[in-house]
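Undergrad: Sharing input15.pdb (PDB, C-alpha atoms) below.
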```pdb
ATOM      1  CA  ALA R1079      51.127 -42.691 -29.402
ATOM      2  CA  PHE R1080      54.870 -43.397 -29.040
ATOM      3  CA  LEU R1081      54.458 -46.915 -30.493
ATOM      4  CA  ALA R1082      52.463 -45.551 -33.414
ATOM      5  CA  GLN R1083      55.322 -43.137 -34.251
ATOM      6  CA  ALA R1084      57.871 -45.916 -33.977
ATOM      7  CA  ARG R1085      55.882 -47.977 -36.499
ATOM      8  CA  GLY R1086      55.732 -45.048 -38.960
ATOM      9  CA  ARG R1087      52.132 -44.015 -38.324
ATOM     10  CA  PRO R1088      51.152 -40.549 -37.111
ATOM     11  CA  PRO R1089      49.844 -40.402 -33.569
ATOM     12  CA  THR R1090      46.107 -40.047 -33.156
ATOM     13  CA  ARG R1091      44.267 -37.876 -30.654
ATOM     14  CA  PRO R1092      41.110 -38.943 -28.905
ATOM     15  CA  ALA R1093      37.924 -37.351 -30.267
ATOM     16  CA  SER R1094      37.373 -35.426 -27.030
ATOM     17  CA  GLY R1095      40.860 -33.904 -27.068
ATOM     18  CA  PRO R1096      41.989 -30.351 -27.814
ATOM     19  CA  SER R1097      41.468 -30.531 -31.585
ATOM     20  CA  SER R1098      37.837 -31.541 -31.049
ATOM     21  CA  PHE R1099      37.363 -28.581 -28.707
ATOM     22  CA  LEU R1100      39.001 -26.231 -31.222
ATOM     23  CA  GLY R1101      36.694 -27.548 -33.928
ATOM     24  CA  ARG R1102      33.654 -26.773 -31.787
ATOM     25  CA  ALA R1103      35.016 -23.354 -30.895
ATOM     26  CA  SER R1104      35.731 -22.620 -34.548
ATOM     27  CA  ARG R1105      32.212 -23.686 -35.588
ATOM     28  CA  ARG R1106      30.711 -21.625 -32.790
ATOM     29  CA  GLY R1107      32.723 -18.589 -33.940
ATOM     30  CA  LEU R1108      31.534 -19.066 -37.513
ATOM     31  CA  VAL R1109      27.903 -19.494 -36.407
ATOM     32  CA  ASP R1110      28.189 -16.369 -34.191
ATOM     33  CA  ALA R1111      29.631 -14.409 -37.111
ATOM     34  CA  MET R1112      26.795 -15.556 -39.374
ATOM     35  CA  ALA R1113      24.236 -14.574 -36.737
ATOM     36  CA  GLU R1114      25.897 -11.161 -36.307
ATOM     37  CA  GLU R1115      25.741 -10.658 -40.076
ATOM     38  CA  GLN R1116      22.030 -11.511 -40.101
ATOM     39  CA  ILE R1117      21.364  -9.122 -37.218
ATOM     40  CA  ALA R1118      23.286  -6.334 -38.974
ATOM     41  CA  GLN R1119      21.301  -6.889 -42.174
ATOM     42  CA  ALA R1120      18.019  -6.830 -40.216
ATOM     43  CA  GLU R1121      19.027  -3.557 -38.535
ATOM     44  CA  SER R1122      19.837  -2.113 -41.953
ATOM     45  CA  TYR R1123      16.379  -3.004 -43.274
ATOM     46  CA  LYS R1124      14.760  -1.438 -40.214
ATOM     47  CA  GLU R1125      16.662   1.809 -40.841
ATOM     48  CA  GLN R1126      15.564   1.691 -44.481
ATOM     49  CA  GLY R1127      11.963   1.210 -43.357
ATOM     50  CA  ASN R1128      12.288   4.165 -40.990
ATOM     51  CA  ARG R1129      13.454   6.376 -43.869
ATOM     52  CA  PHE R1130      10.477   5.310 -45.996
ATOM     53  CA  HIS R1131       8.133   5.941 -43.055
ATOM     54  CA  THR R1132       9.555   9.446 -42.572
ATOM     55  CA  GLU R1133       8.975  10.129 -46.277
ATOM     56  CA  GLY R1134       5.362   8.969 -45.932
ATOM     57  CA  ASN R1135       5.915   5.918 -48.144
ATOM     58  CA  TYR R1136       4.233   3.450 -45.796
ATOM     59  CA  LYS R1137       3.974   0.532 -48.210
ATOM     60  CA  LYS R1138       7.706   0.600 -48.951
ATOM     61  CA  ALA R1139       8.362   0.966 -45.230
ATOM     62  CA  LEU R1140       6.302  -2.156 -44.579
ATOM     63  CA  GLY R1141       8.264  -4.026 -47.242
ATOM     64  CA  ALA R1142      11.540  -3.137 -45.513
ATOM     65  CA  TYR R1143      10.151  -3.997 -42.079
ATOM     66  CA  HIS R1144       9.005  -7.413 -43.295
ATOM     67  CA  LYS R1145      12.574  -8.101 -44.459
ATOM     68  CA  VAL R1146      13.810  -7.582 -40.890
ATOM     69  CA  PHE R1147      11.991 -10.765 -39.914
ATOM     70  CA  CYS R1148      13.422 -12.674 -42.878
ATOM     71  CA  TYR R1149      16.803 -12.237 -41.192
ATOM     72  CA  VAL R1150      15.983 -12.632 -37.494
ATOM     73  CA  ASN R1151      13.246 -15.273 -37.485
ATOM     74  CA  GLY R1152      15.723 -18.091 -38.140
ATOM     75  CA  LEU R1153      17.875 -17.119 -35.183
ATOM     76  CA  GLN R1154      17.462 -18.957 -31.907
ATOM     77  CA  ALA R1155      17.788 -17.668 -28.383
ATOM     78  CA  PRO R1156      21.137 -18.562 -26.854
ATOM     79  CA  PRO R1157      21.047 -21.897 -24.998
ATOM     80  CA  ALA R1158      21.744 -22.043 -21.279
ATOM     81  CA  ASP R1159      24.632 -24.450 -21.964
ATOM     82  CA  SER R1160      27.138 -22.612 -24.172
ATOM     83  CA  VAL R1161      28.869 -25.906 -25.091
ATOM     84  CA  ALA R1162      25.610 -27.127 -26.638
ATOM     85  CA  ALA R1163      25.617 -24.146 -28.991
ATOM     86  CA  GLY R1164      28.941 -25.174 -30.456
ATOM     87  CA  GLY R1165      27.833 -28.739 -30.925
ATOM     88  CA  ALA R1166      24.633 -27.930 -32.803
ATOM     89  CA  SER R1167      25.713 -27.910 -36.405
ATOM     90  CA  GLY R1168      23.769 -25.604 -38.689
ATOM     91  CA  SER R1169      22.069 -23.820 -35.777
ATOM     92  CA  ARG R1170      22.236 -20.041 -35.638
ATOM     93  CA  TYR R1171      22.160 -18.774 -32.105
ATOM     94  CA  ILE R1172      21.891 -15.129 -31.179
ATOM     95  CA  PRO R1173      25.100 -14.235 -29.347
ATOM     96  CA  LYS R1174      24.193 -13.865 -25.662
ATOM     97  CA  GLU R1175      25.335 -10.250 -25.580
ATOM     98  CA  ARG R1176      22.970  -9.397 -28.491
ATOM     99  CA  ALA R1177      19.834 -11.258 -27.331
ATOM    100  CA  GLU R1178      18.252  -8.142 -25.778
ATOM    101  CA  ASP R1179      19.136  -6.065 -28.866
ATOM    102  CA  VAL R1180      17.351  -8.571 -31.102
ATOM    103  CA  ARG R1181      14.296  -8.608 -28.838
ATOM    104  CA  LYS R1182      14.118  -4.791 -28.967
ATOM    105  CA  LEU R1183      14.654  -4.840 -32.745
ATOM    106  CA  GLN R1184      11.759  -7.241 -33.219
ATOM    107  CA  GLN R1185       9.437  -5.307 -30.922
ATOM    108  CA  SER R1186      10.233  -1.868 -32.365
ATOM    109  CA  THR R1187       9.875  -3.185 -35.919
ATOM    110  CA  ARG R1188       6.420  -4.591 -35.102
ATOM    111  CA  LEU R1189       5.484  -1.234 -33.559
ATOM    112  CA  ASN R1190       6.657   0.608 -36.677
ATOM    113  CA  MET R1191       4.642  -1.767 -38.836
ATOM    114  CA  ALA R1192       1.590  -1.007 -36.681
ATOM    115  CA  ALA R1193       2.125   2.731 -37.240
ATOM    116  CA  CYS R1194       2.221   2.142 -41.002
ATOM    117  CA  TYR R1195      -0.942   0.044 -40.904
ATOM    118  CA  LEU R1196      -2.716   2.817 -38.968
ATOM    119  CA  LYS R1197      -1.690   5.368 -41.602
ATOM    120  CA  LEU R1198      -2.896   3.055 -44.381
ATOM    121  CA  GLY R1199      -6.228   2.378 -42.644
ATOM    122  CA  GLU R1200      -5.477  -1.343 -42.292
ATOM    123  CA  HIS R1201      -6.739  -1.515 -38.744
ATOM    124  CA  GLN R1202      -6.919  -5.278 -38.222
ATOM    125  CA  LYS R1203      -3.305  -5.622 -39.398
ATOM    126  CA  CYS R1204      -2.389  -2.879 -36.932
ATOM    127  CA  VAL R1205      -4.078  -4.828 -34.125
ATOM    128  CA  ASP R1206      -2.178  -7.963 -35.170
ATOM    129  CA  ALA R1207       1.186  -6.139 -35.344
ATOM    130  CA  CYS R1208       0.645  -4.603 -31.892
ATOM    131  CA  THR R1209      -0.301  -7.981 -30.440
ATOM    132  CA  ALA R1210       2.895  -9.450 -31.940
ATOM    133  CA  ALA R1211       4.903  -6.554 -30.452
ATOM    134  CA  LEU R1212       3.445  -7.308 -27.018
ATOM    135  CA  ASP R1213       4.820 -10.865 -27.311
ATOM    136  CA  PHE R1214       8.255  -9.261 -26.795
ATOM    137  CA  GLY R1215       7.218  -7.332 -23.682
ATOM    138  CA  SER R1216       4.837  -4.667 -22.436
ATOM    139  CA  SER R1217       4.770  -1.399 -24.382
ATOM    140  CA  SER R1218       2.623   1.711 -24.026
ATOM    141  CA  LYS R1219       2.997   2.337 -27.780
ATOM    142  CA  ALA R1220       1.646  -1.116 -28.597
ATOM    143  CA  PHE R1221      -1.381  -0.649 -26.341
ATOM    144  CA  PHE R1222      -1.959   2.892 -27.633
ATOM    145  CA  ARG R1223      -1.802   1.968 -31.324
ATOM    146  CA  ARG R1224      -3.875  -1.153 -30.814
ATOM    147  CA  GLY R1225      -6.432   0.934 -28.937
ATOM    148  CA  LYS R1226      -6.642   3.424 -31.807
ATOM    149  CA  ALA R1227      -7.060   0.606 -34.343
ATOM    150  CA  ARG R1228      -9.718  -1.112 -32.221
ATOM    151  CA  CYS R1229     -11.657   2.139 -32.014
ATOM    152  CA  GLU R1230     -11.657   2.334 -35.812
ATOM    153  CA  LEU R1231     -12.891  -1.272 -35.882
ATOM    154  CA  ARG R1232     -15.692  -0.202 -33.498
ATOM    155  CA  ASP R1233     -14.376  -2.461 -30.734
ATOM    156  CA  PHE R1234     -14.817   0.256 -28.136
ATOM    157  CA  GLY R1235     -14.415  -2.022 -25.113
ATOM    158  CA  GLY R1236     -11.121  -3.384 -26.410
ATOM    159  CA  ALA R1237      -9.975   0.105 -27.386
ATOM    160  CA  ARG R1238     -10.729   1.464 -23.939
ATOM    161  CA  ALA R1239      -8.964  -1.433 -22.190
ATOM    162  CA  ASP R1240      -5.852  -0.962 -24.350
ATOM    163  CA  LEU R1241      -5.787   2.792 -23.831
ATOM    164  CA  GLU R1242      -6.241   2.403 -20.067
ATOM    165  CA  ARG R1243      -3.258   0.021 -20.042
ATOM    166  CA  ALA R1244      -1.238   2.498 -22.125
ATOM    167  CA  ARG R1245      -2.079   5.244 -19.618
ATOM    168  CA  GLU R1246      -0.862   3.036 -16.745
ATOM    169  CA  LEU R1247       2.465   2.518 -18.548
ATOM    170  CA  ALA R1248       2.905   6.129 -19.705
ATOM    171  CA  PRO R1249       0.823   8.434 -17.449
ATOM    172  CA  GLU R1250       2.678  11.527 -18.710
ATOM    173  CA  ASP R1251       1.703  11.014 -22.385
ATOM    174  CA  PRO R1252      -0.975  13.627 -23.260
ATOM    175  CA  ALA R1253      -2.077  11.758 -26.406
ATOM    176  CA  ILE R1254      -3.498   8.853 -24.387
ATOM    177  CA  PRO R1255      -6.220  10.761 -22.452
ATOM    178  CA  ALA R1256      -7.127  12.573 -25.670
ATOM    179  CA  GLU R1257      -7.599   9.249 -27.452
ATOM    180  CA  LEU R1258      -9.620   7.897 -24.512
ATOM    181  CA  ARG R1259     -11.973  10.895 -24.822
ATOM    182  CA  ARG R1260     -12.299  10.198 -28.556
ATOM    183  CA  VAL R1261     -13.159   6.531 -27.861
ATOM    184  CA  ARG R1262     -15.811   7.522 -25.298
ATOM    185  CA  ALA R1263     -17.322  10.045 -27.721
ATOM    186  CA  ALA R1264     -17.355   7.525 -30.570
ATOM    187  CA  PHE R1265     -18.981   4.951 -28.304
ATOM    188  CA  GLU R1266     -21.655   7.404 -27.135
ATOM    189  CA  HIS R1267     -22.296   8.556 -30.705
ATOM    190  CA  GLY R1268     -22.613   4.953 -31.906
ATOM    191  CA  ASP R1269     -24.860   4.090 -28.974
ATOM    192  CA  ALA R1270     -27.121   7.092 -29.631
ATOM    193  CA  ALA R1271     -27.352   6.207 -33.334
ATOM    194  CA  ALA R1272     -28.308   2.629 -32.462
ATOM    195  CA  ARG R1273     -31.081   3.884 -30.142
ATOM    196  CA  ARG R1274     -32.511   6.087 -32.899
ATOM    197  CA  ARG R1275     -32.957   3.086 -35.232
TER
END
```
Would you write the structure of this file as structure tokens?
TA:
Amino acid sequence: AFLAQARGRPPTRPASGPSSFLGRASRRGLVDAMAEEQIAQAESYKEQGNRFHTEGNYKKALGAYHKVFCYVNGLQAPPADSVAAGGASGSRYIPKERAEDVRKLQQSTRLNMAACYLKLGEHQKCVDACTAALDFGSSSKAFFRRGKARCELRDFGGARADLERARELAPEDPAIPAELRRVRAAFEHGDAAARRR
């Protein structure tokens, strides 16, 4: 480097030196900021969907809930090697401290979508939304809503299994035994009607 200065040329730094590290750190900071912005926008759409749901406007609520996934589906789980995150240009990683928040956001949004589908009588879509919610972890609400939808689809065995699982997860919830009684009654009524034919 000294000889380069003596000859009138600026000194050069090796590619793995401090400026290279700062470049990676800067890119990682920008990518984290972009991911944070996407997460914030997704949370905003979920809140909007919740307002529509409260007003009884389930179709608009579903529209807002779908937008949540437009913002979070492109995000990737944080890699085990934090240096790799900085080196992956164009990748959008969920900041490690927000990974659990994003998981909960995705699960609760799927559960809210399932509630809307139940209200709209779109039972198969409710089953699908609950199944997607369960991909993010076990949930008594997911099993309960899926059980209700399966009962409406006349899948009494599946409904009963889901409601039993919901009862295991939330034994204090009085709505679950009531729904189980409804499933048993619907099954017995359907079975009696089939015997009369």
Undergrad: Between R:Tyr1123, R:Leu1140, R:Glu1250, R:Glu1114, which one has atoms that come closest to Glu1175 of chain R, using all atoms listed in the file?
TA: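 So, comparing all the options, the nearest one is R:Glu1114.
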Undergrad: So what does the PyMOL selection byres ((chain R and resi 1227) around 8) actually pick up in this one, as a PyMOL selection string?
TA: chain R and resi 1196+1201-1202+1204-1205+1223-1226+1228-1231+1237
Undergrad: What is the distance, in Å and to one decimal place, between atom CA of Val1180 of chain R and atom CA of Phe1147 of chain R?
TA: 10.5 Å
Undergrad: Report as lines of an AutoDock Vina configuration file the centre and the edge lengths, in Å to one decimal, of the axis-aligned box holding every listed atom of segment 1249-1253 of chain R, padded by 5 Å on each side.
TA:
```
center_x = 0.3
center_y = 11.0
center_z = -21.9
size_x = 14.8
size_y = 15.2
size_z = 19.0
```
Undergrad: Set the distance at 12 Å and use only C-alpha atoms: which residues neighbour Asp1251 of chain R once local chain neighbours fewer than 3 positions away are removed? I'd like the list as number ranges by chain.
TA: R: 1218-1219, 1222, 1241-1242, 1244-1248, 1254-1258
Undergrad: For a quick check of understanding, using all atoms listed in the file, which of R:Arg1188, R:Arg1176, R:Arg1170, R:Arg1260 has the smallest distance to Val1146 of chain R?
TA: R:Arg1188
Undergrad: Expressed in Å to a single decimal, how great is the separation between atom CA of Gln1184 of chain R and atom CA of His1131 of chain R?
TA: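 According to the coordinates, atom CA of Gln1184 of chain R and atom CA of His1131 of chain R are separated by 16.8 Å.
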Undergrad: Could you name the residues that touch Ala1207 of chain R at 7 Å or less, counting only C-alpha atoms, but leaving out those on the same chain fewer than 2 positions away, as a PDB file with C-alpha atoms, keeping the file's coordinate frame?
TA:
```pdb
ATOM      1  CA  ARG R1188       6.420  -4.591 -35.102  1.00  0.00           C
ATOM      2  CA  LEU R1189       5.484  -1.234 -33.559  1.00  0.00           C
ATOM      3  CA  MET R1191       4.642  -1.767 -38.836  1.00  0.00           C
ATOM      4  CA  ALA R1192       1.590  -1.007 -36.681  1.00  0.00           C
ATOM      5  CA  LYS R1203      -3.305  -5.622 -39.398  1.00  0.00           C
ATOM      6  CA  CYS R1204      -2.389  -2.879 -36.932  1.00  0.00           C
ATOM      7  CA  VAL R1205      -4.078  -4.828 -34.125  1.00  0.00           C
ATOM      8  CA  THR R1209      -0.301  -7.981 -30.440  1.00  0.00           C
ATOM      9  CA  ALA R1210       2.895  -9.450 -31.940  1.00  0.00           C
ATOM     10  CA  ALA R1211       4.903  -6.554 -30.452  1.00  0.00           C
TER      11      ALA R1211
END
```
Undergrad: What separation in Å, quoted to one decimal, exists between atom CA of Val1261 of chain R and atom CA of Cys1194 of chain R?
TA: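 So the answer is 20.7 Å.
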Undergrad: Select, from R:Lys1138, R:Ala1253, R:Phe1265, R:Tyr1149, the residue with the minimum atom-to-atom distance to Gly1235 of chain R, counting all atoms listed in the file.
TA: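 The shortest atom-to-atom distance to Gly1235 of chain R comes from R:Phe1265.
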Undergrad: Please enumerate the residues selected by the PyMOL selection byres ((chain R and resi 1151) around 12) when evaluated against the supplied file, formatted as an NGL selection string.
TA: :R and (1113 or 1116-1117 or 1120 or 1144-1150 or 1152-1155 or 1170-1172 or 1180-1181 or 1183-1184)
Undergrad: So, counting only C-alpha atoms, which residue among R:Ala1177, R:Ala1264, R:Ala1118, R:Ala1193 is closest to Asn1135 of chain R?
TA: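 Using only C-alpha atoms, the shortest distance to Asn1135 of chain R belongs to R:Ala1193.
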Undergrad: Would you mind telling me which residue in R:Arg1232, R:Gly1215, R:Leu1198, R:Asp1240 lies nearest to Tyr1136 of chain R when using only C-alpha atoms?
TA: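 Looking at the shortest contact to Tyr1136 of chain R, the residue is R:Leu1198.
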Undergrad: Taking into account all atoms listed in the file, which residue in the set R:Ala1142, R:Ala1111, R:Ala1220, R:Cys1208 is nearest to Arg1129 of chain R?
TA: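 The shortest atom-to-atom distance to Arg1129 of chain R comes from R:Ala1142.
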Undergrad: Mind rebuilding segment 1218-1239 of chain R with N, CA and C atoms and writing that out as a compact mmCIF listing (two decimals), in the coordinates of the input?
TA:
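Okay, selection.txt is ready:
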```
# COMPACT_ATOMS: atom_id res chain seq x y z
N SER R 1218 3.73 0.75 -23.97
CA SER R 1218 2.62 1.71 -24.03
C SER R 1218 2.27 2.02 -25.48
N LYS R 1219 3.28 2.07 -26.36
CA LYS R 1219 3.00 2.34 -27.78
C LYS R 1219 2.14 1.24 -28.39
N ALA R 1220 2.43 0.00 -28.04
CA ALA R 1220 1.65 -1.12 -28.60
C ALA R 1220 0.20 -1.03 -28.14
N PHE R 1221 -0.01 -0.76 -26.85
CA PHE R 1221 -1.38 -0.65 -26.34
C PHE R 1221 -2.09 0.56 -26.95
N PHE R 1222 -1.36 1.68 -27.08
CA PHE R 1222 -1.96 2.89 -27.63
C PHE R 1222 -2.39 2.68 -29.09
N ARG R 1223 -1.47 2.16 -29.90
CA ARG R 1223 -1.80 1.97 -31.32
C ARG R 1223 -2.89 0.92 -31.51
N ARG R 1224 -2.83 -0.13 -30.71
CA ARG R 1224 -3.88 -1.15 -30.81
C ARG R 1224 -5.22 -0.57 -30.39
N GLY R 1225 -5.21 0.28 -29.37
CA GLY R 1225 -6.43 0.93 -28.94
C GLY R 1225 -7.02 1.81 -30.03
N LYS R 1226 -6.17 2.58 -30.71
CA LYS R 1226 -6.64 3.42 -31.81
C LYS R 1226 -7.25 2.57 -32.92
N ALA R 1227 -6.56 1.48 -33.27
CA ALA R 1227 -7.06 0.61 -34.34
C ALA R 1227 -8.38 -0.05 -33.93
N ARG R 1228 -8.47 -0.48 -32.68
CA ARG R 1228 -9.72 -1.11 -32.22
C ARG R 1228 -10.88 -0.13 -32.24
N CYS R 1229 -10.61 1.12 -31.94
CA CYS R 1229 -11.66 2.14 -32.01
C CYS R 1229 -12.17 2.24 -33.45
N GLU R 1230 -11.26 2.26 -34.41
CA GLU R 1230 -11.66 2.33 -35.81
C GLU R 1230 -12.44 1.10 -36.24
N LEU R 1231 -12.16 -0.04 -35.60
CA LEU R 1231 -12.89 -1.27 -35.88
C LEU R 1231 -14.20 -1.35 -35.08
N ARG R 1232 -14.48 -0.29 -34.31
CA ARG R 1232 -15.69 -0.20 -33.50
C ARG R 1232 -15.72 -1.21 -32.34
N ASP R 1233 -14.53 -1.62 -31.92
CA ASP R 1233 -14.38 -2.46 -30.73
C ASP R 1233 -14.04 -1.51 -29.58
N PHE R 1234 -15.05 -0.80 -29.11
CA PHE R 1234 -14.82 0.26 -28.14
C PHE R 1234 -14.35 -0.28 -26.78
N GLY R 1235 -14.86 -1.43 -26.38
CA GLY R 1235 -14.42 -2.02 -25.11
C GLY R 1235 -12.94 -2.38 -25.16
N GLY R 1236 -12.53 -3.03 -26.25
CA GLY R 1236 -11.12 -3.38 -26.41
C GLY R 1236 -10.24 -2.15 -26.52
N ALA R 1237 -10.73 -1.14 -27.23
CA ALA R 1237 -9.98 0.10 -27.39
C ALA R 1237 -9.76 0.76 -26.03
N ARG R 1238 -10.83 0.83 -25.26
CA ARG R 1238 -10.73 1.46 -23.94
C ARG R 1238 -9.77 0.70 -23.03
N ALA R 1239 -9.86 -0.62 -23.03
CA ALA R 1239 -8.96 -1.43 -22.19
C ALA R 1239 -7.50 -1.21 -22.59
```
